[in-house]
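upload.cif, holding mmCIF, C-alpha atoms:
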```cif
data_data
#
loop_
_atom_site.label_atom_id
_atom_site.label_comp_id
_atom_site.auth_asym_id
_atom_site.auth_seq_id
_atom_site.Cartn_x
_atom_site.Cartn_y
_atom_site.Cartn_z
CA MET P 1 201.73 78.47 91.88
CA ILE P 2 201.76 74.66 92.09
CA GLY P 3 199.89 74.91 95.37
CA VAL P 4 197.20 77.03 93.71
CA LEU P 5 196.75 74.48 90.92
CA ILE P 6 196.54 71.59 93.40
CA GLY P 7 193.99 73.52 95.42
CA LEU P 8 192.00 74.37 92.29
CA ALA P 9 191.82 70.71 91.22
CA ALA P 10 190.94 69.51 94.73
CA GLY P 11 188.34 72.23 95.24
CA PHE P 12 186.67 71.63 91.88
CA PHE P 13 186.25 67.88 92.40
CA GLY P 14 185.37 68.39 96.05
CA GLY P 15 182.61 70.87 95.24
CA LEU P 16 181.36 68.71 92.38
CA VAL P 17 180.91 65.50 94.38
CA GLY P 18 180.58 66.79 97.96
CA LEU P 19 184.03 65.72 99.16
CA GLY P 20 186.65 67.79 100.90
CA GLY P 21 189.04 67.17 98.03
CA GLY P 22 191.64 65.38 100.13
CA VAL P 23 191.43 62.32 97.88
CA ILE P 24 192.78 64.57 95.10
CA MET P 25 195.00 66.85 97.16
CA ILE P 26 196.92 64.28 99.21
CA PRO P 27 198.25 62.22 96.26
CA LEU P 28 199.26 65.42 94.45
CA MET P 29 201.06 66.85 97.48
CA VAL P 30 202.92 63.58 98.00
CA SER P 31 203.88 63.05 94.35
CA ILE P 32 204.51 66.66 93.23
CA LEU P 33 205.44 68.57 96.39
CA LYS P 34 207.17 65.51 97.92
CA LEU P 35 205.50 65.87 101.30
CA SER P 36 205.44 62.88 103.62
CA GLN P 37 202.13 61.03 103.85
CA HIS P 38 201.46 62.22 107.39
CA THR P 39 202.29 65.83 106.52
CA ALA P 40 200.07 65.69 103.45
CA HIS P 41 197.19 64.39 105.61
CA GLY P 42 197.55 67.17 108.18
CA THR P 43 198.01 69.97 105.65
CA SER P 44 195.07 68.65 103.64
CA LEU P 45 192.74 68.85 106.64
CA VAL P 46 193.62 72.51 107.24
CA ALA P 47 192.89 73.36 103.61
CA LEU P 48 189.69 71.30 103.57
CA VAL P 49 188.09 73.57 106.15
CA PHE P 50 187.89 76.18 103.39
CA THR P 51 186.48 73.63 100.94
CA GLY P 52 183.67 73.04 103.41
CA ILE P 53 182.98 76.75 103.89
CA MET P 54 182.83 77.66 100.21
CA GLY P 55 181.09 74.42 99.22
CA ALA P 56 178.42 74.79 101.90
CA ILE P 57 177.71 78.38 100.82
CA THR P 58 177.41 77.31 97.17
CA TYR P 59 175.07 74.39 97.95
CA ALA P 60 173.02 76.52 100.40
CA LEU P 61 172.40 79.10 97.67
CA ASN P 62 170.87 76.25 95.65
CA GLY P 63 168.75 75.04 98.60
CA SER P 64 170.78 71.87 99.15
CA VAL P 65 171.84 72.15 102.81
CA ASP P 66 169.99 70.86 105.87
CA LEU P 67 171.42 72.75 108.86
CA VAL P 68 170.03 70.36 111.49
CA ALA P 69 171.41 67.29 109.70
CA SER P 70 174.82 68.96 109.36
CA ILE P 71 174.88 69.80 113.07
CA LEU P 72 174.00 66.21 114.02
CA LEU P 73 176.77 64.85 111.78
CA ALA P 74 179.36 67.24 113.17
CA SER P 75 178.32 66.90 116.83
CA THR P 76 179.86 63.44 117.14
CA ALA P 77 182.48 63.74 114.41
CA VAL P 78 184.39 66.58 116.08
CA PHE P 79 185.24 64.30 119.00
CA THR P 80 186.33 61.28 116.99
CA ALA P 81 188.34 63.35 114.48
CA ARG P 82 191.02 64.03 117.06
CA ALA P 83 191.16 60.35 117.99
CA GLY P 84 191.56 59.44 114.32
CA ALA P 85 194.48 61.84 113.88
CA TYR P 86 196.37 60.30 116.80
CA PHE P 87 195.44 56.77 115.72
CA ALA P 88 196.99 57.44 112.30
CA SER P 89 200.34 58.03 113.95
CA ALA P 90 200.18 54.84 116.02
CA LEU P 91 199.36 52.11 113.45
CA PRO P 92 201.03 50.96 110.20
CA GLU P 93 199.71 53.29 107.53
CA TRP P 94 199.64 50.71 104.72
CA LYS P 95 197.19 48.49 106.62
CA LEU P 96 194.81 51.36 107.25
CA LYS P 97 194.94 52.43 103.61
CA ARG P 98 194.13 48.97 102.26
CA ALA P 99 191.17 48.49 104.60
CA PHE P 100 189.77 51.91 103.77
CA GLY P 101 190.32 51.33 100.06
CA GLY P 102 188.20 48.18 100.15
CA PHE P 103 185.47 50.04 102.02
CA LEU P 104 185.38 52.82 99.41
CA ILE P 105 184.96 50.36 96.56
CA VAL P 106 182.09 48.53 98.31
CA VAL P 107 180.30 51.84 98.96
CA SER P 108 180.78 53.00 95.37
CA LEU P 109 179.24 49.79 94.01
CA LEU P 110 176.23 50.22 96.28
CA LEU P 111 175.73 53.74 94.98
CA LEU P 112 175.99 52.63 91.35
CA LYS P 113 173.33 49.98 91.93
CA PRO P 114 171.29 51.12 94.92
CA TYR P 115 169.39 48.04 96.06
CA LEU P 116 169.37 48.58 99.83
CA PRO P 117 165.84 48.64 101.37
CA HIS P 118 166.06 52.23 102.57
CA VAL P 119 167.18 53.71 99.25
CA GLY P 120 164.58 56.15 98.01
CA ARG P 121 162.61 55.97 101.29
CA PRO P 122 163.53 58.96 103.47
CA VAL P 123 163.58 58.18 107.18
CA THR P 124 162.55 60.65 109.88
CA GLY P 125 162.45 61.06 113.63
CA TRP P 126 164.76 59.21 115.97
CA VAL P 127 165.87 56.73 113.27
CA GLU P 128 167.24 59.57 111.16
CA THR P 129 168.92 61.11 114.20
CA VAL P 130 170.62 57.83 115.14
CA ILE P 131 171.85 57.33 111.55
CA LEU P 132 173.32 60.84 111.41
CA LEU P 133 174.98 60.62 114.82
CA ALA P 134 176.47 57.18 114.05
CA THR P 135 177.65 58.43 110.66
CA GLY P 136 179.38 61.33 112.40
CA ILE P 137 181.25 58.96 114.73
CA PHE P 138 182.77 56.96 111.87
CA THR P 139 183.23 60.02 109.67
CA GLY P 140 185.17 61.99 112.25
CA PHE P 141 187.52 59.12 113.04
CA LEU P 142 188.27 58.32 109.39
CA SER P 143 188.55 62.01 108.53
CA GLY P 144 191.20 62.58 111.17
CA MET P 145 192.96 59.33 110.31
CA MET P 146 193.03 59.65 106.52
CA GLY P 147 193.19 63.45 106.15
CA VAL P 148 189.98 63.67 104.09
CA GLY P 149 186.86 65.73 104.65
CA GLY P 150 184.65 62.75 105.38
CA GLY P 151 182.27 63.02 102.43
CA THR P 152 183.20 59.49 101.42
CA ILE P 153 181.37 58.31 104.54
CA MET P 154 178.71 60.96 105.03
CA VAL P 155 177.29 61.11 101.51
CA PRO P 156 176.77 57.34 100.95
CA SER P 157 175.32 56.92 104.45
CA MET P 158 172.85 59.77 104.02
CA VAL P 159 171.80 58.57 100.55
CA LEU P 160 171.67 54.83 101.22
CA LEU P 161 170.44 54.72 104.82
CA ALA P 162 168.52 57.95 105.38
CA GLY P 163 167.09 58.51 101.88
CA TYR P 164 168.59 61.97 101.27
CA THR P 165 168.99 63.17 97.71
CA GLN P 166 172.52 63.23 96.34
CA TYR P 167 172.49 67.04 96.23
CA MET P 168 171.31 67.44 99.84
CA ALA P 169 173.75 64.81 101.14
CA GLN P 170 176.67 66.54 99.44
CA GLY P 171 175.66 69.96 100.76
CA CYS P 172 175.30 68.69 104.33
CA SER P 173 178.60 66.86 104.06
CA LEU P 174 180.44 70.03 103.03
CA LEU P 175 178.98 72.05 105.90
CA ALA P 176 179.64 69.35 108.51
CA MET P 177 183.27 68.99 107.44
CA VAL P 178 184.09 72.55 108.62
CA PRO P 179 184.13 71.84 112.40
CA VAL P 180 185.31 68.27 111.78
CA GLY P 181 188.24 69.51 109.70
CA ILE P 182 189.17 72.07 112.34
CA ALA P 183 189.25 69.40 115.07
CA GLY P 184 191.36 67.00 113.00
CA ALA P 185 193.66 69.72 111.67
CA TYR P 186 194.39 70.98 115.20
CA SER P 187 195.47 67.52 116.28
CA HIS P 188 197.70 67.08 113.22
CA TRP P 189 199.19 70.53 113.84
CA ARG P 190 200.10 69.51 117.39
CA LEU P 191 201.72 66.39 115.96
CA GLY P 192 203.79 68.52 113.55
CA ASN P 193 201.96 67.26 110.45
CA VAL P 194 201.11 70.65 108.89
CA THR P 195 203.22 72.58 106.36
CA GLY P 196 202.13 76.21 106.54
CA ASN P 197 204.09 77.71 103.64
CA ILE P 198 201.93 76.09 100.95
CA LEU P 199 198.58 76.75 102.63
CA PRO P 200 197.93 80.24 101.11
CA GLY P 201 198.19 78.87 97.57
CA LEU P 202 196.13 75.77 98.39
CA ILE P 203 193.37 77.80 100.03
CA ALA P 204 193.17 80.32 97.18
CA GLY P 205 192.84 77.50 94.63
CA ILE P 206 190.35 75.62 96.80
CA LEU P 207 188.01 78.60 97.20
CA ALA P 208 187.84 79.18 93.43
CA GLY P 209 187.66 75.49 92.52
CA THR P 210 184.98 74.63 95.10
CA TYR P 211 182.70 77.42 93.88
CA LEU P 212 183.04 76.24 90.28
CA GLY P 213 182.54 72.57 91.15
CA GLY P 214 179.60 73.22 93.47
CA SER P 215 177.88 75.39 90.86
CA LEU P 216 178.37 72.80 88.11
CA ALA P 217 176.97 70.01 90.31
CA HIS P 218 173.48 71.55 90.25
CA PHE P 219 173.42 71.55 86.45
CA LEU P 220 173.97 67.78 86.29
CA PRO P 221 171.25 65.10 86.67
CA GLU P 222 171.38 63.30 90.03
CA ALA P 223 172.10 59.97 88.31
CA ALA P 224 175.13 61.48 86.55
CA LEU P 225 176.31 63.03 89.80
CA ARG P 226 176.07 59.65 91.54
CA VAL P 227 178.13 58.00 88.77
CA ILE P 228 180.81 60.69 89.04
CA PHE P 229 180.89 60.34 92.83
CA SER P 230 181.20 56.54 92.58
CA ALA P 231 183.97 56.81 89.99
CA VAL P 232 185.96 59.07 92.34
CA LEU P 233 185.49 56.57 95.18
CA ILE P 234 186.61 53.62 93.03
CA TRP P 235 189.68 55.49 91.84
CA THR P 236 190.54 56.43 95.42
CA GLY P 237 189.85 52.94 96.74
CA VAL P 238 192.14 51.32 94.18
CA ARG P 239 194.94 53.72 95.16
CA TYR P 240 194.54 52.80 98.84
CA LEU P 241 194.37 49.06 98.10
CA ARG P 242 197.68 49.30 96.24
CA ALA P 243 199.48 50.89 99.19
CA PRO P 244 202.87 49.14 99.34
CA LYS P 245 203.81 47.01 102.32
CA PRO P 246 207.13 48.13 103.88
CA ARG P 247 209.93 45.69 103.10
CA SER P 248 211.29 45.71 106.63
CA GLU P 249 207.89 44.65 108.04
CA GLY P 250 207.49 41.93 105.49
CA GLN P 251 210.97 40.56 106.23
CA ALA P 252 210.27 40.63 109.96
CA ALA P 253 207.08 38.63 109.47
CA ALA P 254 208.97 36.09 107.35
#
```
Render the structure in this file as structure tokens.
Amino acid sequence: MIGVLIGLAAGFFGGLVGLGGGVIMIPLMVSILKLSQHTAHGTSLVALVFTGIMGAITYALNGSVDLVASILLASTAVFTARAGAYFASALPEWKLKRAFGGFLIVVSLLLLKPYLPHVGRPVTGWVETVILLATGIFTGFLSGMMGVGGGTIMVPSMVLLAGYTQYMAQGCSLLAMVPVGIAGAYSHWRLGNVTGNILPGLIAGILAGTYLGGSLAHFLPEAALRVIFSAVLIWTGVRYLRAPKPRSEGQAAA
């Protein structure tokens, strides 16, 4: 039952702001279910595949999915997602969390006050293709590394650099995270970072929550949606920045 509630919360926020929900799910699995950080990341990626499926269907029904853009994002991300999963097991986790936390906060501030030259000016042709492919490279790696769907990278990049609307960026992000999540989850499964017994509850909650969140998103003004998205990023970034440094490492450095 706890797994269902965690999945419901993660799915609702994921569908609302175009994220996989890992930023909600991972802290809850670690604090409530007492999973290790690596196991929470791997299990989250498996569950987030279903967030992407249900979220993409919900956004597509509202005309907010660009299939070509989603394919371009996923085409590079599926390769780097596996690398990110293995990289997560090789480097100190606290350093990666702090760096990513700072990045999330910078992106959220840009979205709250969009002053970049390309904001509001949609790009087309080869420039758009390059932006989407490059976004997929970074998204896949960070998705596999941090156990999140990748919306934290995809959505800001598509809005700020390519001029997509918030709705369209979130819909494309949810669709692209399906193959990306599968690639990252497979690597985490091979590393033993997936707990299967809680997945049925998580997935059931995610499917219901994502539909509700995705439906609600289209009733909100785009400005309000951007504020909600930025608030989630700031909250997540602060959590990552506060990742504790292991005592043994600190003593060794001293």
### Message
Report, in Å to a single decimal, how far apart CA of Ile206 (chain P) and CA of Phe12 (chain P) are.
### Response
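Computing it gives 7.3 Å between the two atoms.
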### Query
Any idea what's packed within 7 Å of Gly136 (chain P), counting only C-alpha atoms, ignoring anything in its chain fewer than 3 positions away? Could you give it as a VMD selection string?
chain P and resid 73 to 74 76 to 77 132 to 133 139 to 140
Contact check, region 130-181 of chain P to region 56-66 of chain P, at most 12 Å, counting all atoms listed in the file, closest pairs as JSON lines:
```
{"residue": "P:Leu132", "atom": "CA", "partner": "P:Asp66", "partner_atom": "CA", "distance": 11.9}
{"residue": "P:Met158", "atom": "CA", "partner": "P:Asp66", "partner_atom": "CA", "distance": 11.6}
{"residue": "P:Tyr164", "atom": "CA", "partner": "P:Asp66", "partner_atom": "CA", "distance": 10.1}
{"residue": "P:Thr165", "atom": "CA", "partner": "P:Ser64", "partner_atom": "CA", "distance": 9.0}
{"residue": "P:Gln166", "atom": "CA", "partner": "P:Ser64", "partner_atom": "CA", "distance": 9.3}
{"residue": "P:Tyr167", "atom": "CA", "partner": "P:Ser64", "partner_atom": "CA", "distance": 5.9}
{"residue": "P:Met168", "atom": "CA", "partner": "P:Ser64", "partner_atom": "CA", "distance": 4.5}
{"residue": "P:Ala169", "atom": "CA", "partner": "P:Val65", "partner_atom": "CA", "distance": 7.8}
{"residue": "P:Gln170", "atom": "CA", "partner": "P:Ser64", "partner_atom": "CA", "distance": 7.9}
{"residue": "P:Gly171", "atom": "CA", "partner": "P:Val65", "partner_atom": "CA", "distance": 4.9}
{"residue": "P:Cys172", "atom": "CA", "partner": "P:Val65", "partner_atom": "CA", "distance": 5.1}
{"residue": "P:Ser173", "atom": "CA", "partner": "P:Ala56", "partner_atom": "CA", "distance": 8.2}
{"residue": "P:Leu174", "atom": "CA", "partner": "P:Ala56", "partner_atom": "CA", "distance": 5.3}
{"residue": "P:Leu175", "atom": "CA", "partner": "P:Ala56", "partner_atom": "CA", "distance": 4.9}
{"residue": "P:Ala176", "atom": "CA", "partner": "P:Ala56", "partner_atom": "CA", "distance": 8.6}
{"residue": "P:Met177", "atom": "CA", "partner": "P:Ala56", "partner_atom": "CA", "distance": 9.4}
{"residue": "P:Val178", "atom": "CA", "partner": "P:Ala56", "partner_atom": "CA", "distance": 9.1}
```
#### Entry: the PyMOL selection byres ((chain P and resi 25) around 7) applied to the shown file, residues as a PyMOL selection string
chain P and resi 6-7+10+21-24+26-29+44
Please evaluate the PyMOL selection byres ((chain P and resi 37-42) around 6) against the structure above and give the resulting residues as a JSON list (two decimals) with C-alpha atoms, in the coordinates of the input.
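Done, and the output landed in out.json:
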```
[["chain", "number", "residue", "atom", "x", "y", "z"],
["P", 26, "ILE", "CA", 196.92, 64.28, 99.21],
["P", 35, "LEU", "CA", 205.50, 65.87, 101.30],
["P", 36, "SER", "CA", 205.44, 62.88, 103.62],
["P", 43, "THR", "CA", 198.01, 69.97, 105.65],
["P", 44, "SER", "CA", 195.07, 68.65, 103.64],
["P", 45, "LEU", "CA", 192.74, 68.85, 106.64],
["P", 147, "GLY", "CA", 193.19, 63.45, 106.15],
["P", 185, "ALA", "CA", 193.66, 69.72, 111.67],
["P", 188, "HIS", "CA", 197.70, 67.08, 113.22],
["P", 193, "ASN", "CA", 201.96, 67.26, 110.45],
["P", 194, "VAL", "CA", 201.11, 70.65, 108.89]]
```
### Message
Given all atoms listed in the file as the basis, pick out the residue of P:Pro92, P:Gly184, P:Gly52, P:Gly237 nearest to Leu109 (chain P).
### Response
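Going through P:Pro92, P:Gly184, P:Gly52, P:Gly237 one by one, the smallest distance to Leu109 (chain P) is for P:Gly237.
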#### Entry: Non-local contacts of region 214-224 of chain P (6 Å; all atoms listed in the file; under 3 positions in same chain excluded) as a count of residues only
6
### Task
Run the PyMOL selection byres ((chain P and resi 242) around 12) mentally over the shown coordinates, then write out the matched residues as a VMD selection string, using the chain letters and numbers from the document.
chain P and resid 94 to 102 235 to 241 243 to 245
Let me see the file: selected residues, C-alpha atoms, as a short mmCIF file (atom, residue, chain, number, x, y, z; two decimals), in the frame of the given file.
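As written to disk, out.cif reads:
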```
data_model
loop_
_atom_site.label_atom_id
_atom_site.label_comp_id
_atom_site.auth_asym_id
_atom_site.auth_seq_id
_atom_site.Cartn_x
_atom_site.Cartn_y
_atom_site.Cartn_z
CA TRP P 94 199.64 50.71 104.72
CA LYS P 95 197.19 48.49 106.62
CA LEU P 96 194.81 51.36 107.25
CA LYS P 97 194.94 52.43 103.61
CA ARG P 98 194.13 48.97 102.26
CA ALA P 99 191.17 48.49 104.60
CA PHE P 100 189.77 51.91 103.77
CA GLY P 101 190.32 51.33 100.06
CA GLY P 102 188.20 48.18 100.15
CA TRP P 235 189.68 55.49 91.84
CA THR P 236 190.54 56.43 95.42
CA GLY P 237 189.85 52.94 96.74
CA VAL P 238 192.14 51.32 94.18
CA ARG P 239 194.94 53.72 95.16
CA TYR P 240 194.54 52.80 98.84
CA LEU P 241 194.37 49.06 98.10
CA ALA P 243 199.48 50.89 99.19
CA PRO P 244 202.87 49.14 99.34
CA LYS P 245 203.81 47.01 102.32
#
```
### Summary
Of P:Leu67, P:Ala88, P:Ala47, P:Ile105, the one sitting nearest Ile198 (chain P) when using all atoms listed in the file is P:Ala47
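Atom pair CA of Met1 (chain P) / CA of Thr51 (chain P): separated by 18.4 Å.
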### Summary
Of P:Ser230, P:Ser75, P:Ser70, P:Ser143, the one sitting nearest Pro156 (chain P) when using only C-alpha atoms is P:Ser230
### Task
Record the distance separating CA of Leu48 (chain P) and CA of Pro246 (chain P), expressed in Å with one decimal.
29.0 Å
### Test item: residues at most 10 Å from Phe87 (chain P), only C-alpha atoms, excluding those fewer than 3 positions along its chain, as JSON, numbers by chain
{"P": [81, 82, 83, 84, 90, 91, 92, 93, 141, 142, 144, 145, 146]}
Residue selection dump (C-alpha atoms) as an mmCIF file, in the frame of the given file:
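And here is the file that came out, result_19.cif:
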```
data_model
loop_
_atom_site.group_PDB
_atom_site.id
_atom_site.type_symbol
_atom_site.label_atom_id
_atom_site.label_comp_id
_atom_site.auth_asym_id
_atom_site.auth_seq_id
_atom_site.Cartn_x
_atom_site.Cartn_y
_atom_site.Cartn_z
ATOM 1 C CA ALA P 81 188.340 63.350 114.480
ATOM 2 C CA ARG P 82 191.020 64.030 117.060
ATOM 3 C CA ALA P 83 191.160 60.350 117.990
ATOM 4 C CA GLY P 84 191.560 59.440 114.320
ATOM 5 C CA ALA P 90 200.180 54.840 116.020
ATOM 6 C CA LEU P 91 199.360 52.110 113.450
ATOM 7 C CA PRO P 92 201.030 50.960 110.200
ATOM 8 C CA GLU P 93 199.710 53.290 107.530
ATOM 9 C CA PHE P 141 187.520 59.120 113.040
ATOM 10 C CA LEU P 142 188.270 58.320 109.390
ATOM 11 C CA GLY P 144 191.200 62.580 111.170
ATOM 12 C CA MET P 145 192.960 59.330 110.310
ATOM 13 C CA MET P 146 193.030 59.650 106.520
#
```
### Query
With only C-alpha atoms as the basis for distance, which of P:Ala208, P:Ile71, P:Val4, P:Leu161 is at the shortest distance from Val180 (chain P)?
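The closest residue to Val180 (chain P) is P:Ile71.
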### Task
Measuring atom to atom with only C-alpha atoms, identify which of P:Val30, P:Leu5, P:Val232, P:Met54 is nearest to Gly151 (chain P).
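Looking at the shortest contact to Gly151 (chain P), the residue is P:Val232.
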### Query
When distances are computed from all atoms listed in the file, which of P:Leu33, P:Ile137, P:Leu233, P:Ile53 shows the smallest separation from Ile203 (chain P)?
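With all atoms listed in the file as the atom set, the closest residue is P:Ile53.
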#### Entry: Within 7 Å of Gly209 (chain P) using only C-alpha atoms, minus same-chain residues under 2 positions, as a PyMOL selection string
chain P and resi 8-9+11-12+205-207+211-213
